[in-house]
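Below is the file my_file-v7.csv, which contains CSV, C-alpha atoms and all ligand atoms.
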```
chain,number,residue,atom,x,y,z
A,1,MET,CA,223.3,130.3,159.6
A,2,ARG,CA,223.8,132.9,162.3
A,3,ALA,CA,222.5,136.4,161.5
A,4,HIS,CA,223.9,139.4,163.3
A,5,GLY,CA,223.9,143.2,163.0
A,6,GLY,CA,227.1,145.1,162.5
A,7,ARG,CA,227.7,144.3,158.9
A,8,ALA,CA,227.0,147.6,157.3
A,9,PRO,CA,228.6,148.4,153.9
A,10,GLU,CA,231.7,150.7,153.9
A,11,GLY,CA,231.0,154.4,154.4
A,12,VAL,CA,227.5,154.3,155.8
A,13,ILE,CA,226.4,154.9,159.3
A,14,ASP,CA,225.7,151.6,161.0
A,15,PHE,CA,222.4,151.4,162.8
A,16,SER,CA,222.5,147.6,162.9
A,17,ALA,CA,224.9,146.8,165.8
A,18,PRO,CA,223.4,147.3,169.2
A,19,LEU,CA,226.2,149.1,171.1
A,20,ASN,CA,226.6,152.1,173.2
A,21,PRO,CA,226.7,155.1,170.7
A,22,LEU,CA,228.9,157.0,173.2
A,23,GLY,CA,231.7,154.6,172.4
A,24,PRO,CA,234.1,153.3,175.1
A,25,PRO,CA,234.3,155.5,178.3
A,26,GLU,CA,237.1,157.9,179.0
A,27,GLY,CA,240.1,156.1,180.5
A,28,LEU,CA,239.4,152.7,179.1
A,29,ALA,CA,241.5,153.1,175.9
A,30,GLU,CA,244.5,154.4,178.0
A,31,ILE,CA,244.3,151.3,180.2
A,32,VAL,CA,244.1,149.0,177.3
A,33,GLU,CA,247.0,150.7,175.5
A,34,GLU,CA,249.2,150.7,178.6
A,35,LEU,CA,248.5,147.0,179.1
A,36,ALA,CA,249.3,146.3,175.5
A,37,ARG,CA,252.6,148.3,175.8
A,38,SER,CA,253.6,146.2,178.8
A,39,ARG,CA,252.8,143.1,176.6
A,40,SER,CA,250.2,141.7,179.1
A,41,TYR,CA,249.0,139.5,176.2
A,42,THR,CA,252.2,137.5,176.4
A,43,ARG,CA,251.1,136.1,179.7
A,44,TYR,CA,248.3,133.6,180.4
A,45,PRO,CA,245.5,135.2,182.4
A,46,ASP,CA,244.9,134.0,186.0
A,47,TYR,CA,242.4,131.3,185.2
A,48,GLU,CA,240.6,131.9,188.5
A,49,TYR,CA,240.1,135.6,187.4
A,50,ARG,CA,240.4,136.7,191.0
A,51,GLU,CA,240.7,140.4,190.2
A,52,LEU,CA,238.1,140.5,187.6
A,53,ARG,CA,235.7,138.4,189.6
A,54,GLU,CA,236.2,140.7,192.6
A,55,ALA,CA,235.8,143.9,190.6
A,56,LEU,CA,232.6,142.6,188.9
A,57,ALA,CA,231.1,141.3,192.2
A,58,SER,CA,231.9,144.6,194.0
A,59,TYR,CA,230.5,146.8,191.2
A,60,TYR,CA,227.2,144.8,190.8
A,61,GLY,CA,226.9,144.2,194.6
A,62,LEU,CA,227.2,140.4,194.4
A,63,ASP,CA,229.0,137.6,196.2
A,64,GLU,CA,232.1,136.8,194.2
A,65,GLU,CA,231.5,133.1,194.8
A,66,GLU,CA,228.5,133.4,192.6
A,67,VAL,CA,230.1,135.2,189.6
A,68,VAL,CA,231.8,133.6,186.6
A,69,PRO,CA,233.6,136.0,184.3
A,70,LEU,CA,232.8,135.3,180.6
A,71,ASN,CA,234.1,136.3,177.2
A,72,GLY,CA,230.8,138.2,176.6
A,73,ALA,CA,227.3,137.3,177.7
A,74,ALA,CA,227.0,135.0,174.6
A,75,GLU,CA,228.9,132.3,176.5
A,76,ALA,CA,226.3,131.9,179.2
A,77,LEU,CA,223.8,129.8,177.3
A,78,ASN,CA,226.4,127.3,176.1
A,79,LEU,CA,227.8,126.8,179.6
A,80,LEU,CA,224.4,126.3,181.2
A,81,VAL,CA,223.3,123.9,178.5
A,82,GLU,CA,226.4,121.9,179.2
A,83,LEU,CA,226.0,122.1,182.9
A,84,LEU,CA,222.3,121.4,183.2
A,85,ARG,CA,221.7,119.2,180.2
A,86,PRO,CA,218.2,120.5,180.0
A,87,ARG,CA,215.4,118.3,178.5
A,88,ALA,CA,214.4,121.3,176.4
A,89,VAL,CA,215.1,125.0,176.1
A,90,ILE,CA,212.1,127.3,176.2
A,91,THR,CA,212.2,130.8,174.8
A,92,PHE,CA,209.7,133.7,174.3
A,93,GLU,CA,210.0,134.9,170.7
A,94,PRO,CA,211.0,137.1,169.0
A,95,THR,CA,214.3,137.2,170.8
A,96,PHE,CA,218.1,137.2,170.3
A,97,GLY,CA,218.8,134.3,168.0
A,98,ASP,CA,222.0,132.5,168.5
A,99,HIS,CA,220.4,129.7,170.5
A,100,LYS,CA,218.5,128.4,167.4
A,101,ALA,CA,221.4,127.0,165.5
A,102,TYR,CA,223.1,125.9,168.7
A,103,LEU,CA,220.2,123.9,170.0
A,104,ARG,CA,219.6,122.3,166.6
A,105,ALA,CA,223.2,121.2,166.4
A,106,LEU,CA,223.0,119.6,169.8
A,107,ARG,CA,219.5,118.2,169.0
A,108,ILE,CA,218.1,119.7,172.1
A,109,PRO,CA,214.3,120.3,171.7
A,110,TRP,CA,213.5,124.0,171.5
A,111,ILE,CA,210.0,125.2,172.6
A,112,THR,CA,208.9,128.7,171.5
A,113,LEU,CA,206.3,130.8,173.2
A,114,PRO,CA,205.1,134.0,171.7
A,115,LEU,CA,205.6,137.4,173.4
A,116,GLY,CA,202.3,139.4,173.7
A,117,ARG,CA,201.1,140.7,170.3
A,118,ARG,CA,200.6,144.4,171.1
A,119,ARG,CA,204.0,145.5,172.6
A,120,PHE,CA,205.8,142.1,172.8
A,121,ALA,CA,205.3,142.0,176.5
A,122,LEU,CA,206.3,138.9,178.5
A,123,GLU,CA,203.3,136.9,179.7
A,124,ALA,CA,204.8,134.4,182.1
A,125,GLU,CA,201.4,132.8,182.4
A,126,LEU,CA,202.0,131.1,179.0
A,127,LEU,CA,205.0,129.4,180.5
A,128,CYS,CA,203.1,128.4,183.7
A,129,SER,CA,200.3,126.9,181.6
A,130,LEU,CA,202.7,124.4,179.9
A,131,PRO,CA,202.3,120.9,181.3
A,132,ALA,CA,204.6,120.3,184.3
A,133,GLU,CA,206.3,117.4,182.5
A,134,VAL,CA,207.4,119.8,179.7
A,135,ARG,CA,208.7,122.4,182.2
A,136,ARG,CA,210.4,119.9,184.5
A,137,GLY,CA,214.1,119.7,183.6
A,138,SER,CA,213.8,122.5,180.9
A,139,LEU,CA,215.8,125.7,180.8
A,140,VAL,CA,213.9,128.9,180.2
A,141,LEU,CA,215.8,131.6,178.4
A,142,LEU,CA,214.6,135.2,178.5
A,143,SER,CA,216.3,138.4,177.4
A,144,ASN,CA,215.5,141.6,179.4
A,145,PRO,CA,215.4,144.2,177.9
A,146,ASN,CA,214.6,141.9,175.0
A,147,ASN,CA,216.5,142.0,171.7
A,148,PRO,CA,215.0,142.9,169.2
A,149,THR,CA,211.9,144.4,170.7
A,150,GLY,CA,213.5,146.5,173.5
A,151,HIS,CA,210.6,145.6,175.8
A,152,LEU,CA,211.5,145.5,179.5
A,153,ALA,CA,209.6,142.8,181.4
A,154,ARG,CA,208.4,143.8,184.9
A,155,ARG,CA,209.9,142.0,187.9
A,156,GLU,CA,206.6,140.4,188.8
A,157,GLU,CA,206.5,138.6,185.4
A,158,LEU,CA,210.1,137.5,185.8
A,159,GLU,CA,209.5,136.2,189.3
A,160,LYS,CA,206.5,134.3,188.0
A,161,ALA,CA,208.6,132.8,185.2
A,162,LEU,CA,211.1,131.8,187.8
A,163,GLU,CA,208.5,130.0,189.9
A,164,CYS,CA,207.3,128.1,186.8
A,165,SER,CA,210.7,127.0,185.6
A,166,SER,CA,213.2,124.3,186.6
A,167,TYR,CA,215.9,126.6,185.5
A,168,LEU,CA,215.7,130.2,184.3
A,169,LEU,CA,218.4,132.2,182.6
A,170,VAL,CA,217.7,135.9,182.2
A,171,ASP,CA,220.0,137.5,179.6
A,172,GLU,CA,220.5,141.1,180.8
A,173,ALA,CA,223.0,142.1,178.1
A,174,PHE,CA,221.3,145.5,177.7
A,175,ALA,CA,220.2,146.1,181.3
A,176,ASP,CA,222.9,148.8,182.0
A,177,PHE,CA,221.3,150.9,179.3
A,178,THR,CA,218.2,151.6,181.4
A,179,LEU,CA,217.8,153.3,184.7
A,180,ASP,CA,215.0,150.9,185.9
A,181,ALA,CA,216.4,147.6,184.8
A,182,GLU,CA,214.2,145.3,186.9
A,183,SER,CA,217.3,143.1,187.3
A,184,MET,CA,217.1,139.5,188.5
A,185,LEU,CA,220.6,139.6,189.9
A,186,GLY,CA,220.6,138.2,193.4
A,187,ARG,CA,217.0,136.8,193.0
A,188,GLY,CA,217.6,133.1,192.4
A,189,ALA,CA,217.7,133.0,188.6
A,190,PHE,CA,220.8,132.6,186.5
A,191,VAL,CA,221.7,136.0,185.0
A,192,ALA,CA,224.0,136.8,182.1
A,193,ARG,CA,225.4,140.3,181.8
A,194,SER,CA,227.5,141.9,179.1
A,195,LEU,CA,230.1,144.6,179.4
A,196,THR,CA,230.7,144.4,175.7
A,197,LYS,CA,227.5,146.4,174.9
A,198,ILE,CA,227.6,149.1,177.5
A,199,LEU,CA,231.4,149.7,177.1
A,200,ALA,CA,231.2,149.4,173.3
A,201,ILE,CA,234.0,146.9,173.1
A,202,PRO,CA,232.8,144.1,170.8
A,203,GLY,CA,236.4,143.2,169.9
A,204,LEU,CA,237.7,143.1,173.5
A,205,ARG,CA,234.5,141.4,174.9
A,206,ALA,CA,233.6,140.7,178.5
A,207,GLY,CA,230.6,139.7,180.6
A,208,PHE,CA,229.7,137.4,183.4
A,209,LEU,CA,227.3,134.8,184.5
A,210,TYR,CA,225.6,135.1,187.9
A,211,ALA,CA,225.1,131.5,188.9
A,212,PRO,CA,223.8,131.2,192.5
A,213,ARG,CA,225.1,127.9,194.0
A,214,GLU,CA,226.4,126.7,190.7
A,215,ALA,CA,229.3,129.0,189.9
A,216,ARG,CA,232.0,126.5,190.9
A,217,LYS,CA,230.5,123.9,188.5
A,218,VAL,CA,230.3,126.5,185.7
A,219,ASP,CA,234.0,127.3,186.4
A,220,ALA,CA,234.8,123.6,186.1
A,221,ILE,CA,233.3,123.4,182.6
A,222,ARG,CA,234.3,126.7,181.1
A,223,GLN,CA,237.4,126.9,179.0
A,224,PRO,CA,240.2,127.7,181.5
A,225,TRP,CA,241.3,131.0,179.9
A,226,ASN,CA,238.0,132.1,178.4
A,227,VAL,CA,238.7,135.8,179.0
A,228,ASN,CA,241.9,137.0,177.5
A,229,SER,CA,244.5,138.6,179.7
A,230,LEU,CA,244.2,142.1,178.1
A,231,ALA,CA,240.4,142.2,178.6
A,232,ALA,CA,240.6,140.7,182.1
A,233,ALA,CA,243.2,143.1,183.4
A,234,ALA,CA,241.7,146.2,181.6
A,235,LEU,CA,238.2,145.6,182.8
A,236,ALA,CA,239.2,144.8,186.4
A,237,ARG,CA,241.1,148.0,186.5
A,238,PHE,CA,238.5,150.1,184.9
A,239,LEU,CA,235.8,148.8,187.2
A,240,ARG,CA,238.0,149.6,190.2
A,241,GLU,CA,239.4,152.9,189.2
A,242,GLY,CA,237.3,154.3,186.3
A,243,ASP,CA,234.0,156.1,186.6
A,244,MET,CA,231.8,153.1,185.5
A,245,ARG,CA,228.8,154.3,187.5
A,246,GLY,CA,228.9,157.8,186.1
A,247,PHE,CA,229.4,156.4,182.5
A,248,VAL,CA,226.5,154.0,182.9
A,249,ARG,CA,224.2,156.7,184.2
A,250,ARG,CA,225.1,159.1,181.4
A,251,SER,CA,224.7,156.4,178.8
A,252,ALA,CA,221.2,155.5,180.1
A,253,GLU,CA,220.2,159.2,180.1
A,254,VAL,CA,221.5,159.9,176.5
A,255,LEU,CA,219.8,156.7,175.2
A,256,GLY,CA,216.6,157.5,177.0
A,257,ARG,CA,216.4,160.9,175.4
A,258,GLU,CA,217.6,159.8,171.9
A,259,GLY,CA,215.3,156.7,172.0
A,260,GLU,CA,212.3,159.0,172.6
A,261,PHE,CA,213.4,161.3,169.8
A,262,LEU,CA,213.6,158.4,167.3
A,263,LEU,CA,210.4,156.8,168.5
A,264,SER,CA,208.4,160.0,167.8
A,265,ALA,CA,210.2,160.8,164.6
A,266,LEU,CA,209.7,157.3,163.1
A,267,SER,CA,206.1,157.3,164.2
A,268,SER,CA,205.5,160.6,162.5
A,269,LEU,CA,206.9,159.1,159.3
A,270,GLY,CA,204.2,156.4,159.5
A,271,LEU,CA,206.4,153.6,160.8
A,272,ARG,CA,205.1,151.5,163.7
A,273,ALA,CA,207.9,151.9,166.3
A,274,PHE,CA,207.9,150.2,169.6
A,275,PRO,CA,209.0,151.9,172.9
A,276,SER,CA,212.3,150.4,174.0
A,277,ALA,CA,214.5,150.2,177.1
A,278,ALA,CA,217.5,149.0,175.0
A,279,PRO,CA,220.0,150.9,172.7
A,280,PHE,CA,217.8,150.0,169.7
A,281,LEU,CA,214.2,150.0,168.7
A,282,LEU,CA,212.0,147.7,166.6
A,283,ALA,CA,210.1,149.3,163.7
A,284,GLU,CA,207.6,148.0,161.2
A,285,HIS,CA,207.5,149.7,157.8
A,286,ALA,CA,205.7,149.5,154.5
A,287,VAL,CA,208.8,149.0,152.3
A,288,PRO,CA,210.2,145.5,152.7
A,289,HIS,CA,213.9,144.4,153.1
A,290,PRO,CA,216.2,144.0,151.2
A,291,LEU,CA,214.8,147.0,149.3
A,292,PHE,CA,214.4,149.1,152.5
A,293,ASN,CA,218.1,148.7,153.3
A,294,SER,CA,219.3,149.4,149.8
A,295,LEU,CA,217.2,152.6,149.7
A,296,LEU,CA,218.7,153.5,153.1
A,297,ALA,CA,222.3,152.6,152.1
A,298,LYS,CA,222.0,155.0,149.1
A,299,ARG,CA,221.3,157.7,151.7
A,300,GLY,CA,224.2,156.7,153.9
A,301,VAL,CA,222.6,154.6,156.7
A,302,TYR,CA,222.0,150.9,157.3
A,303,VAL,CA,219.7,149.1,159.7
A,304,ARG,CA,219.2,145.5,160.8
A,305,ASP,CA,216.8,143.6,158.7
A,306,ALA,CA,214.9,141.8,161.5
A,307,SER,CA,213.3,139.1,159.4
A,308,SER,CA,215.6,136.4,160.8
A,309,PHE,CA,213.9,136.8,164.1
A,310,HIS,CA,211.0,134.4,164.9
A,311,TYR,CA,207.6,135.9,164.1
A,312,LEU,CA,209.1,139.0,162.4
A,313,THR,CA,209.1,139.8,158.7
A,314,PRO,CA,211.0,141.7,156.0
A,315,TYR,CA,208.8,144.6,157.1
A,316,HIS,CA,210.6,144.8,160.4
A,317,SER,CA,213.9,146.5,161.3
A,318,ARG,CA,215.9,146.7,164.5
A,319,ILE,CA,217.3,150.2,164.5
A,320,SER,CA,220.1,151.2,166.9
A,321,VAL,CA,219.8,154.5,168.8
A,322,ARG,CA,222.8,156.7,168.1
A,323,LEU,CA,223.6,160.3,168.9
A,324,ARG,CA,221.4,163.2,167.7
A,325,GLU,CA,223.2,164.3,164.6
A,326,GLU,CA,223.3,160.7,163.3
A,327,ASN,CA,219.7,160.0,164.4
A,328,VAL,CA,218.6,163.0,162.4
A,329,ARG,CA,220.5,161.6,159.3
A,330,LEU,CA,218.6,158.3,159.8
A,331,VAL,CA,215.2,160.0,160.0
A,332,GLU,CA,215.9,161.9,156.8
A,333,ALA,CA,217.1,158.8,155.1
A,334,ILE,CA,213.9,156.9,156.1
A,335,ARG,CA,211.8,159.9,155.0
A,336,GLY,CA,213.5,159.6,151.5
A,337,ALA,CA,213.2,155.8,151.4
A,338,VAL,CA,209.5,155.9,152.3
A,339,ALA,CA,208.9,158.4,149.6
A,340,GLU,CA,210.8,156.5,146.9
A,341,GLY,CA,209.7,153.0,147.9
A,342,PRO,CA,206.8,151.1,146.4
A,401,LIG,C1,220.4,139.5,174.1
A,401,LIG,C2,221.9,139.4,173.8
A,401,LIG,N1,222.6,138.7,174.6
A,401,LIG,C3,223.9,138.5,174.4
A,401,LIG,C4,224.6,139.1,173.3
A,401,LIG,C5,226.0,139.0,173.1
A,401,LIG,O1,226.7,139.7,174.1
A,401,LIG,P1,228.3,139.7,174.2
A,401,LIG,O2,228.8,140.4,173.0
A,401,LIG,O3,228.6,140.3,175.5
A,401,LIG,O4,228.7,138.3,174.2
A,401,LIG,C6,223.8,139.9,172.4
A,401,LIG,C7,224.4,140.5,171.2
A,401,LIG,O5,223.8,141.2,170.5
A,401,LIG,C8,222.4,140.0,172.7
A,401,LIG,O6,221.7,140.8,171.9
```

Whole structure given in structure tokens:
Amino acid sequence: MRAHGGRAPEGVIDFSAPLNPLGPPEGLAEIVEELARSRSYTRYPDYEYRELREALASYYGLDEEEVVPLNGAAEALNLLVELLRPRAVITFEPTFGDHKAYLRALRIPWITLPLGRRRFALEAELLCSLPAEVRRGSLVLLSNPNNPTGHLARREELEKALECSSYLLVDEAFADFTLDAESMLGRGAFVARSLTKILAIPGLRAGFLYAPREARKVDAIRQPWNVNSLAAAALARFLREGDMRGFVRRSAEVLGREGEFLLSALSSLGLRAFPSAAPFLLAEHAVPHPLFNSLLAKRGVYVRDASSFHYLTPYHSRISVRLREENVRLVEAIRGAVAEGP
């Protein structure tokens, strides 16, 4: 079964879905509404996605020949598995989990390596020390910053992972949330990016795959109209005309500040909270799930039980970073839950 955040009960503040707490940027809703009024959804999108491709390439400083628009970053792994037919997929755990069920269904061997024990840091050496026959033909999947730990791997580690891989996919779904993203865009690896998270549009959805030398082949296997016409037109226009750069910078600043606030507040309540470059942080607590979430829900908040992630337990939660007033509500709720719990 797939396990995701974003399933909070009615009426509580949702700290389980990892999205931009600022919500969509100014101007985006107007563009979507205008396109909906002109019934853009009654037309097929341009299956080459020329405008969107050009807008994405120009914003991220890439060659448009190497960019494939996606219906969210989640599409990237499926497309690459289909294209590359890897002998195995290698992941560093704990990490974002959709690949588990997917690889099992396709009967593709899945090799897990642990992230470092102290701060869940990536140690590429572990990958490099696997026998060459195991690495040859395998696809290595990393998420940076990583979900659910929020840890940002340094570029030297990523470059080393690239050197030791036949194929490397870096999932940078949360990279726009941090000012020093250590991005692997333009550095030889496959990179998946999401606009869904930073623009807080999980229903509209968008992202892209940076696929040096292979974009044409990925285009050939993707579903012809994978991004719907409303999302494609709205995002191309927003990237061209809206203040994407300003919004991204503001978001990273707010999240940096609020992340620090939560980190120190949760630590002072006795939780073990991990520094994060993403819009969430991982915390370990003495009260286990599901009790922890039911004590929190009584107090109006809800977090992501992280026990479905490899190596994590019912004593772990992934907690989204929201705006100050809501973060204060969360801290108070956790204070109450810790006092009432066993
Ligand atoms: C690491 C990671 N990659 C990709 C996704 C999915 O992104 P999108 O909604 O753009 O498909 C998620 C969603 O939580 C994620 O955590």

If we count only C-alpha atoms, what is near Leu52 of chain A at a cut-off of 8 Å, once residues fewer than 4 positions away on the same chain are taken out, given as a PyMOL selection string? chain A and resi 56+69+232-233+235-236

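Nearest to His289 of chain A of all the residues A:Gly270, A:Pro342, A:Pro45, A:Gly246 is A:Pro342, based on only C-alpha atoms.
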
Of A:Ala206, A:Val254, A:Leu263, A:Met244, the one sitting nearest ligand LIG 401 (chain A) when using all atoms listed in the file is A:Ala206

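The shell of residues at most 8 Å from Arg237 of chain A, with all atoms listed in the file counted and near chain neighbours (fewer than 5 positions) removed, consists of Ile31, Ala55 and Gly242 of chain A.
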
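Of the listed residues (A:Ser183, A:Ser194, A:Ser129, A:Asn226), A:Ser183 comes nearest to Arg154 of chain A; the distances count only C-alpha atoms.
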
Please identify the residues whose atoms come within 10 Å of ligand LIG 401 (chain A), using all atoms listed in the file, and report them as a ChimeraX atom specification. /A:4-6,17-19,70-77,95-98,142-148,150,170-175,192-208,278

Around (239.8, 127.8, 180.3) in the file's own coordinates, what residues are found within 12 Å if you use only C-alpha atoms, given back as an NGL selection string? :A and (44-49 or 68-71 or 218-229)

Export of prior selection with C-alpha atoms as a CSV table (one decimal), in the frame of the given file:
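The resulting file, part33.csv, is reproduced below:
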```csv
chain,number,residue,atom,x,y,z
A,44,TYR,CA,248.3,133.6,180.4
A,45,PRO,CA,245.5,135.2,182.4
A,46,ASP,CA,244.9,134.0,186.0
A,47,TYR,CA,242.4,131.3,185.2
A,48,GLU,CA,240.6,131.9,188.5
A,49,TYR,CA,240.1,135.6,187.4
A,68,VAL,CA,231.8,133.6,186.6
A,69,PRO,CA,233.6,136.0,184.3
A,70,LEU,CA,232.8,135.3,180.6
A,71,ASN,CA,234.1,136.3,177.2
A,218,VAL,CA,230.3,126.5,185.7
A,219,ASP,CA,234.0,127.3,186.4
A,220,ALA,CA,234.8,123.6,186.1
A,221,ILE,CA,233.3,123.4,182.6
A,222,ARG,CA,234.3,126.7,181.1
A,223,GLN,CA,237.4,126.9,179.0
A,224,PRO,CA,240.2,127.7,181.5
A,225,TRP,CA,241.3,131.0,179.9
A,226,ASN,CA,238.0,132.1,178.4
A,227,VAL,CA,238.7,135.8,179.0
A,228,ASN,CA,241.9,137.0,177.5
A,229,SER,CA,244.5,138.6,179.7
```

Name the closest residue to Ala161 of chain A among the candidates A:Glu133, A:Glu123, A:Glu82, A:Asp180; distances are taken between atoms, counting only C-alpha atoms. A:Glu123

Contacts of Ser264 of chain A at 12 Å (all atoms listed in the file; same-chain gap of 5+ positions) as a PyMOL selection string: chain A and resi 257-259+269-275+281+283+327-328+331

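Across the structure, atom CA of Phe238 of chain A and atom CA of Leu209 of chain A are spaced 19.0 Å apart.
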
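Going from atom CA of Ser276 of chain A over to atom CA of Ala57 of chain A, you cover 27.7 Å.
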
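Computed from the coordinates, the atom CA of Leu168 of chain A to atom CA of Asp63 of chain A distance equals 19.3 Å.
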
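Shortest atom-to-atom contact with Arg50 of chain A among A:Pro21, A:Phe120, A:Val67, A:Ser38: A:Val67, counting all atoms listed in the file.
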
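Compared by their closest atoms to Gly137 of chain A, and using all atoms listed in the file, the residues A:Val32, A:Ile13, A:Cys164, A:Leu115 rank with A:Cys164 nearest.
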
Tell me, as a PyMOL selection string, which residues lie within 8 Å of Tyr167 of chain A, counting all atoms listed in the file; anything in the same chain fewer than 4 positions away does not count. chain A and resi 137-140+162+189-190
